[in-house]
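Note: the block below is final-v6.txt and it holds compact mmCIF, C-alpha atoms.
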# COMPACT_ATOMS: atom_id res chain seq x y z
CA MET A 1 -15.62 39.49 -127.57
CA THR A 2 -15.07 41.63 -130.67
CA GLU A 3 -16.50 40.83 -134.10
CA GLY A 4 -13.02 39.85 -135.30
CA GLU A 5 -12.64 37.38 -132.43
CA ALA A 6 -16.15 35.96 -132.80
CA ALA A 7 -15.67 34.71 -136.37
CA PRO A 8 -12.74 32.35 -135.61
CA ALA A 9 -14.49 31.12 -132.46
CA ALA A 10 -17.65 30.34 -134.41
CA ALA A 11 -15.62 28.56 -137.10
CA ALA A 12 -13.82 26.49 -134.46
CA GLU A 13 -17.12 25.55 -132.80
CA LYS A 14 -18.60 24.55 -136.17
CA GLY A 15 -15.50 22.47 -136.91
CA SER A 16 -15.81 20.69 -133.56
CA ARG A 17 -19.48 19.90 -134.17
CA ASN A 18 -18.67 18.61 -137.65
CA LEU A 19 -15.90 16.40 -136.30
CA MET A 20 -18.25 14.99 -133.66
CA MET A 21 -20.86 14.20 -136.32
CA ARG A 22 -18.21 12.52 -138.47
CA VAL A 23 -17.05 10.38 -135.55
CA LEU A 24 -20.58 9.36 -134.52
CA ALA A 25 -21.55 8.48 -138.09
CA ALA A 26 -18.36 6.45 -138.51
CA LEU A 27 -18.99 4.56 -135.26
CA VAL A 28 -22.36 3.47 -136.61
CA LEU A 29 -21.58 2.91 -140.29
CA ALA A 30 -18.13 1.31 -140.12
CA PRO A 31 -19.10 -1.68 -137.90
CA ALA A 32 -22.22 -2.24 -140.00
CA ALA A 33 -20.20 -2.21 -143.22
CA ILE A 34 -17.63 -4.61 -141.75
CA ALA A 35 -20.32 -7.00 -140.52
CA ILE A 36 -22.01 -7.09 -143.93
CA ALA A 37 -18.65 -7.48 -145.65
CA TYR A 38 -17.89 -10.42 -143.38
CA ALA A 39 -21.24 -12.01 -144.22
CA GLY A 40 -20.54 -11.55 -147.92
CA GLY A 41 -22.86 -13.18 -150.44
CA PHE A 42 -26.25 -11.63 -151.03
CA LEU A 43 -25.97 -9.18 -148.13
CA TRP A 44 -22.75 -7.64 -149.42
CA ALA A 45 -24.02 -7.62 -153.02
CA ALA A 46 -27.22 -5.89 -151.87
CA LEU A 47 -25.32 -3.21 -149.94
CA VAL A 48 -22.96 -2.62 -152.85
CA THR A 49 -25.86 -2.40 -155.32
CA LEU A 50 -27.74 0.13 -153.19
CA ALA A 51 -24.55 2.18 -152.82
CA ALA A 52 -23.92 2.04 -156.58
CA ILE A 53 -27.44 3.27 -157.33
CA GLY A 54 -26.95 6.05 -154.78
CA LEU A 55 -23.63 7.04 -156.37
CA TYR A 56 -25.24 7.16 -159.80
CA VAL A 57 -28.16 9.32 -158.65
CA GLU A 58 -25.86 11.71 -156.76
CA TRP A 59 -23.62 12.02 -159.81
CA LEU A 60 -26.63 12.95 -161.95
CA MET A 61 -27.66 15.55 -159.38
CA ILE A 62 -24.17 17.07 -159.41
CA VAL A 63 -23.91 17.32 -163.20
CA GLY A 64 -27.41 18.76 -163.59
CA ALA A 65 -29.11 15.65 -164.99
CA GLY A 66 -31.10 14.81 -161.88
CA ARG A 67 -34.39 15.84 -163.49
CA GLU A 68 -34.24 13.32 -166.31
CA PRO A 69 -36.38 10.41 -165.03
CA ARG A 70 -35.61 8.10 -167.96
CA VAL A 71 -31.86 8.48 -167.43
CA ILE A 72 -32.20 7.84 -163.70
CA ALA A 73 -34.53 4.86 -164.13
CA SER A 74 -32.57 3.14 -166.90
CA GLY A 75 -29.24 3.40 -165.10
CA ALA A 76 -30.64 2.44 -161.71
CA ALA A 77 -32.47 -0.57 -163.19
CA ALA A 78 -29.30 -1.79 -164.91
CA LEU A 79 -27.31 -1.44 -161.68
CA ALA A 80 -30.02 -3.29 -159.73
CA ILE A 81 -30.27 -6.18 -162.21
CA GLY A 82 -26.49 -6.29 -162.49
CA GLY A 83 -26.24 -6.53 -158.71
CA ILE A 84 -28.69 -9.44 -158.65
CA CYS A 85 -26.61 -11.24 -161.28
CA LEU A 86 -23.44 -10.63 -159.27
CA ALA A 87 -25.12 -11.95 -156.13
CA TRP A 88 -25.84 -15.19 -158.01
CA GLY A 89 -22.25 -15.35 -159.22
CA ARG A 90 -23.18 -14.63 -162.85
CA ILE A 91 -20.41 -12.18 -163.64
CA ASP A 92 -20.78 -12.61 -167.41
CA THR A 93 -24.50 -11.81 -167.32
CA ALA A 94 -23.86 -8.83 -165.05
CA LEU A 95 -21.37 -7.42 -167.55
CA VAL A 96 -23.89 -7.75 -170.37
CA VAL A 97 -26.58 -6.03 -168.29
CA LEU A 98 -24.25 -3.16 -167.37
CA VAL A 99 -23.20 -2.67 -170.99
CA VAL A 100 -26.86 -2.55 -172.03
CA GLY A 101 -27.47 -0.08 -169.21
CA LEU A 102 -24.66 2.15 -170.47
CA VAL A 103 -26.14 2.14 -173.97
CA ALA A 104 -29.60 2.95 -172.60
CA VAL A 105 -28.22 5.84 -170.53
CA ALA A 106 -26.40 7.18 -173.60
CA LEU A 107 -29.48 6.98 -175.82
CA LEU A 108 -31.81 8.56 -173.27
CA SER A 109 -29.51 11.35 -172.12
CA GLY A 110 -29.79 14.93 -173.26
CA GLU A 111 -27.04 17.47 -173.80
CA ARG A 112 -24.89 16.13 -170.95
CA ARG A 113 -24.64 12.63 -172.37
CA LEU A 114 -20.89 12.28 -171.73
CA TRP A 115 -21.32 13.22 -168.07
CA THR A 116 -24.24 10.86 -167.50
CA MET A 117 -22.36 7.99 -169.17
CA THR A 118 -19.32 8.70 -167.00
CA GLY A 119 -21.51 8.64 -163.90
CA PHE A 120 -22.97 5.27 -164.85
CA LEU A 121 -19.51 3.83 -165.54
CA TYR A 122 -18.32 5.21 -162.18
CA ALA A 123 -21.14 3.50 -160.28
CA ALA A 124 -20.98 0.27 -162.32
CA ALA A 125 -17.22 -0.05 -161.84
CA ALA A 126 -17.63 0.41 -158.08
CA GLU A 127 -20.38 -2.21 -157.96
CA LEU A 128 -18.51 -4.78 -160.02
CA ALA A 129 -15.15 -4.30 -158.30
CA SER A 130 -16.59 -4.41 -154.77
CA VAL A 131 -18.30 -7.76 -155.41
CA LEU A 132 -15.32 -9.28 -157.24
CA VAL A 133 -12.86 -8.48 -154.45
CA ARG A 134 -15.12 -10.12 -151.84
CA LEU A 135 -16.07 -13.08 -154.04
CA ASP A 136 -13.12 -15.34 -153.11
CA PRO A 137 -14.36 -17.49 -150.17
CA VAL A 138 -10.91 -17.80 -148.59
CA LYS A 139 -9.13 -14.47 -149.13
CA GLY A 140 -12.00 -12.23 -150.20
CA PHE A 141 -12.83 -10.78 -146.78
CA ALA A 142 -9.19 -10.11 -145.92
CA ALA A 143 -8.62 -8.44 -149.30
CA LEU A 144 -11.73 -6.29 -148.92
CA MET A 145 -10.76 -5.29 -145.38
CA LEU A 146 -7.29 -4.32 -146.58
CA VAL A 147 -8.79 -1.96 -149.16
CA LEU A 148 -11.33 -0.54 -146.69
CA LEU A 149 -8.79 0.03 -143.93
CA VAL A 150 -6.25 1.60 -146.29
CA VAL A 151 -8.91 4.00 -147.55
CA TRP A 152 -10.08 4.82 -144.03
CA ALA A 153 -6.48 5.28 -142.86
CA SER A 154 -5.77 7.60 -145.77
CA ASP A 155 -8.86 9.64 -144.88
CA ILE A 156 -8.26 9.73 -141.12
CA GLY A 157 -4.51 10.33 -141.36
CA GLY A 158 -5.09 13.04 -143.95
CA TYR A 159 -7.74 14.77 -141.84
CA PHE A 160 -5.72 14.98 -138.63
CA ALA A 161 -2.34 15.62 -140.24
CA GLY A 162 -3.85 18.29 -142.44
CA ARG A 163 -5.56 20.05 -139.55
CA GLY A 164 -2.70 19.59 -137.09
CA ILE A 165 0.23 20.47 -139.35
CA GLY A 166 -1.27 22.51 -142.16
CA GLY A 167 1.24 23.93 -144.60
CA PRO A 168 1.23 24.10 -148.41
CA LYS A 169 -1.96 23.17 -150.21
CA LEU A 170 -2.04 20.00 -152.29
CA TRP A 171 -4.19 21.35 -155.14
CA PRO A 172 -5.88 24.59 -154.01
CA ARG A 173 -7.78 25.18 -157.24
CA VAL A 174 -9.61 21.85 -156.86
CA SER A 175 -9.65 21.24 -153.11
CA PRO A 176 -8.64 24.28 -151.03
CA LYS A 177 -8.57 22.43 -147.70
CA LYS A 178 -6.25 19.54 -148.64
CA THR A 179 -2.58 19.92 -147.80
CA TRP A 180 0.61 18.04 -148.59
CA ALA A 181 0.93 17.27 -144.88
CA GLY A 182 -2.49 15.62 -144.95
CA ALA A 183 -1.62 13.59 -148.05
CA ILE A 184 1.62 12.36 -146.47
CA GLY A 185 -0.09 11.67 -143.14
CA GLY A 186 -2.77 9.56 -144.80
CA PHE A 187 -0.15 7.75 -146.87
CA ALA A 188 1.93 6.95 -143.78
CA LEU A 189 -1.05 5.62 -141.81
CA SER A 190 -2.04 3.39 -144.72
CA LEU A 191 1.43 1.84 -144.62
CA GLY A 192 0.82 1.13 -140.95
CA VAL A 193 -2.33 -0.80 -141.94
CA ALA A 194 -0.30 -2.91 -144.37
CA GLY A 195 2.30 -3.53 -141.68
CA GLY A 196 -0.44 -4.76 -139.35
CA PHE A 197 -1.74 -7.20 -141.97
CA ALA A 198 1.78 -8.53 -142.50
CA ALA A 199 2.37 -8.86 -138.76
CA PHE A 200 -0.76 -11.00 -138.42
CA GLY A 201 0.32 -13.29 -141.24
CA TYR A 202 -1.98 -12.07 -144.03
CA GLY A 203 0.84 -11.69 -146.54
CA GLN A 204 4.44 -10.67 -147.06
CA ALA A 205 5.39 -7.23 -145.77
CA GLY A 206 7.03 -5.92 -148.96
CA PRO A 207 4.19 -6.61 -151.40
CA LEU A 208 1.54 -5.51 -148.89
CA LEU A 209 3.33 -2.22 -148.23
CA LEU A 210 3.62 -1.59 -151.96
CA LEU A 211 -0.05 -2.45 -152.49
CA ALA A 212 -1.15 -0.19 -149.63
CA ALA A 213 0.98 2.65 -150.99
CA VAL A 214 -0.59 2.38 -154.44
CA LEU A 215 -4.12 2.08 -153.03
CA SER A 216 -3.60 5.07 -150.72
CA ILE A 217 -2.48 7.22 -153.64
CA ALA A 218 -5.46 5.99 -155.69
CA SER A 219 -7.80 6.79 -152.82
CA GLN A 220 -6.52 10.33 -152.52
CA LEU A 221 -6.69 10.84 -156.27
CA GLY A 222 -10.27 9.56 -156.20
CA ASP A 223 -11.07 12.17 -153.58
CA LEU A 224 -9.53 14.89 -155.73
CA PHE A 225 -11.40 13.64 -158.79
CA GLU A 226 -14.74 13.97 -157.02
CA SER A 227 -13.76 17.44 -155.77
CA ALA A 228 -12.88 18.45 -159.34
CA VAL A 229 -16.27 17.27 -160.64
CA LYS A 230 -18.14 19.12 -157.88
CA ARG A 231 -16.11 22.28 -158.47
CA ARG A 232 -16.79 22.02 -162.21
CA PHE A 233 -20.53 22.21 -161.50
CA GLY A 234 -20.36 24.52 -158.46
CA VAL A 235 -21.56 21.92 -155.94
CA LYS A 236 -20.26 21.74 -152.36
CA ASP A 237 -21.60 18.34 -151.22
CA SER A 238 -22.97 15.51 -153.35
CA SER A 239 -25.90 15.31 -150.88
CA HIS A 240 -26.54 15.41 -147.13
CA ILE A 241 -27.51 11.80 -146.56
CA ILE A 242 -24.66 11.04 -144.11
CA PRO A 243 -24.37 13.38 -141.08
CA GLY A 244 -21.00 15.13 -141.00
CA HIS A 245 -19.87 13.51 -144.26
CA GLY A 246 -22.24 14.84 -146.92
CA GLY A 247 -23.31 12.33 -149.55
CA LEU A 248 -22.31 8.85 -150.64
CA MET A 249 -19.85 10.23 -153.18
CA ASP A 250 -18.25 12.39 -150.49
CA ARG A 251 -17.77 9.30 -148.36
CA LEU A 252 -16.95 6.72 -151.04
CA ASP A 253 -14.92 8.68 -153.60
CA GLY A 254 -11.59 7.31 -152.34
CA PHE A 255 -12.98 3.81 -151.91
CA VAL A 256 -14.27 3.69 -155.49
CA ALA A 257 -10.86 4.52 -156.93
CA ALA A 258 -9.05 2.11 -154.61
CA ILE A 259 -11.44 -0.84 -155.00
CA VAL A 260 -11.49 -0.55 -158.80
CA LEU A 261 -7.69 -0.50 -158.95
CA ALA A 262 -7.49 -3.40 -156.47
CA ALA A 263 -9.99 -5.43 -158.50
CA ILE A 264 -8.04 -4.89 -161.72
CA PHE A 265 -4.80 -5.94 -160.06
CA GLY A 266 -6.37 -8.96 -158.36
CA LEU A 267 -8.11 -9.96 -161.59
CA LEU A 268 -4.81 -9.99 -163.47
CA ARG A 269 -3.20 -12.19 -160.82
CA GLY A 270 -6.04 -14.44 -159.68
CA GLY A 271 -8.75 -14.46 -162.36
CA ALA A 272 -12.41 -13.48 -162.04
CA ASP A 273 -13.13 -15.89 -159.17
CA GLY A 274 -9.84 -15.29 -157.37
CA VAL A 275 -9.48 -11.50 -157.18
CA GLY A 276 -9.08 -11.55 -153.40
CA ARG A 277 -6.49 -14.30 -153.65
CA GLY A 278 -4.64 -12.31 -156.30
CA LEU A 279 -4.36 -9.40 -153.89
CA MET A 280 -3.36 -11.32 -150.75
CA VAL A 281 -1.27 -14.31 -151.89
CA TRP A 282 2.33 -13.62 -152.87
In structure tokens, how does this file's structure come out?
Amino acid sequence: MTEGEAAPAAAAEKGSRNLMMRVLAALVLAPAAIAIAYAGGFLWAALVTLAAIGLYVEWLMIVGAGREPRVIASGAAALAIGGICLAWGRIDTALVVLVVGLVAVALLSGERRLWTMTGFLYAAAAELASVLVRLDPVKGFAALMLVLLVVWASDIGGYFAGRGIGGPKLWPRVSPKKTWAGAIGGFALSLGVAGGFAAFGYGQAGPLLLLAAVLSIASQLGDLFESAVKRRFGVKDSSHIIPGHGGLMDRLDGFVAAIVLAAIFGLLRGGADGVGRGLMVW
């Protein structure tokens, strides 16, 4: 084998290993996440809070503020206390705590204050939205599963359509590997998820398809947003905590965008204690 032939072969082998790691990690993490989501309550709030703290710390590492202990501690403490309040159903208190946390992060930050504040808002919004969507005892789990499955479908459909079809790049300056074929493939598979929910009687087909379409676009934009932030600071992966996936931000970027948008929409239709109902009942 010549040197020219060896490079593509090595790249293909590395890609196969990476895909295998992604699949194995997903087979472990996805069922665990679904089981905790089904349990809801304190378990779900605890998982969400830990994830939010992880997102915040990874964000600080990306933007070069990971060596500021006061910024890390103040933000993480606010997210932890806010999560406890959310677990007890005290949404109003959680909001106050998170606002205080944002002020503390701003006051304690150095020259990258805007970036650290944005990171805290990113993590806090994910925490709050994830709990609010699941909070409804009747429709919360179904609503949360719809968001999760749409995000996963967008990711899976995008991965295989992008690799199998290829073609023009979606936004090469920000994310060189993403293609229009991948974006359309992920979008199409997310519509299939909505169709499945409608077929099993979880809502009307038209509204669910529209909701899935919007959430899929939000998920893909969330992915591009994280890629843009990493490219801005010259970072490839947010961390290496998840085999084959990188860090929490690499895995949850699309979910954060989708769950926040879903929570806002559900809040407008169903109120603070009926976000899941606002998403699923038409």
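The smallest atom-to-atom distance between A:Ala213 and any of A:Gly186, A:Gly54, A:Gly82, A:Pro31, using only C-alpha atoms, is found for A:Gly186.
Take the candidates A:Ala258, A:Leu135, A:Leu102, A:Met280 and check each one against A:Leu86 using only C-alpha atoms; the shortest distance goes to A:Leu135.
Taking atom CA of A:Arg173 as the reference point, atom CA of A:Val229 is found at 12.1 Å.
Separating atom CA of A:Ser175 from atom CA of A:Ile259 is a distance of 22.2 Å.
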Nearest to A:Ala262: which of A:Ala52, A:Trp88, A:Glu68, A:Leu144 is it, counting all atoms listed in the file? A:Leu144
Pick from A:Asp223, A:Asp136, A:Asp273, A:Glu111: nearest to A:Val151, with all atoms listed in the file counted? A:Asp223
Residues around (-0.2, -12.9, -159.5), cut-off 12 Å, counting all atoms listed in the file - what are they as a VMD selection string? chain A and resid 207 264 to 271 274 to 282
Would you export the selected residues with C-alpha atoms as an mmCIF file, keeping the file's coordinate frame, please?
data_model
loop_
_atom_site.group_PDB
_atom_site.id
_atom_site.type_symbol
_atom_site.label_atom_id
_atom_site.label_comp_id
_atom_site.auth_asym_id
_atom_site.auth_seq_id
_atom_site.Cartn_x
_atom_site.Cartn_y
_atom_site.Cartn_z
ATOM 1 C CA PRO A 207 4.190 -6.610 -151.400
ATOM 2 C CA ILE A 264 -8.040 -4.890 -161.720
ATOM 3 C CA PHE A 265 -4.800 -5.940 -160.060
ATOM 4 C CA GLY A 266 -6.370 -8.960 -158.360
ATOM 5 C CA LEU A 267 -8.110 -9.960 -161.590
ATOM 6 C CA LEU A 268 -4.810 -9.990 -163.470
ATOM 7 C CA ARG A 269 -3.200 -12.190 -160.820
ATOM 8 C CA GLY A 270 -6.040 -14.440 -159.680
ATOM 9 C CA GLY A 271 -8.750 -14.460 -162.360
ATOM 10 C CA GLY A 274 -9.840 -15.290 -157.370
ATOM 11 C CA VAL A 275 -9.480 -11.500 -157.180
ATOM 12 C CA GLY A 276 -9.080 -11.550 -153.400
ATOM 13 C CA ARG A 277 -6.490 -14.300 -153.650
ATOM 14 C CA GLY A 278 -4.640 -12.310 -156.300
ATOM 15 C CA LEU A 279 -4.360 -9.400 -153.890
ATOM 16 C CA MET A 280 -3.360 -11.320 -150.750
ATOM 17 C CA VAL A 281 -1.270 -14.310 -151.890
ATOM 18 C CA TRP A 282 2.330 -13.620 -152.870
#
Name all residues at most 12 Å from A:Ser216 (count all atoms listed in the file; drop same-chain ones fewer than 5 positions away) and give them as a ChimeraX atom specification. /A:146-158,183-194,208-211,221-223,254-259,261-262
Pick from A:Ala73, A:Gly83, A:Trp171, A:Met249 nearest to A:Ala46, counting all atoms listed in the file: A:Gly83
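Going from atom CA of A:Pro176 over to atom CA of A:Leu248, you cover 20.6 Å.
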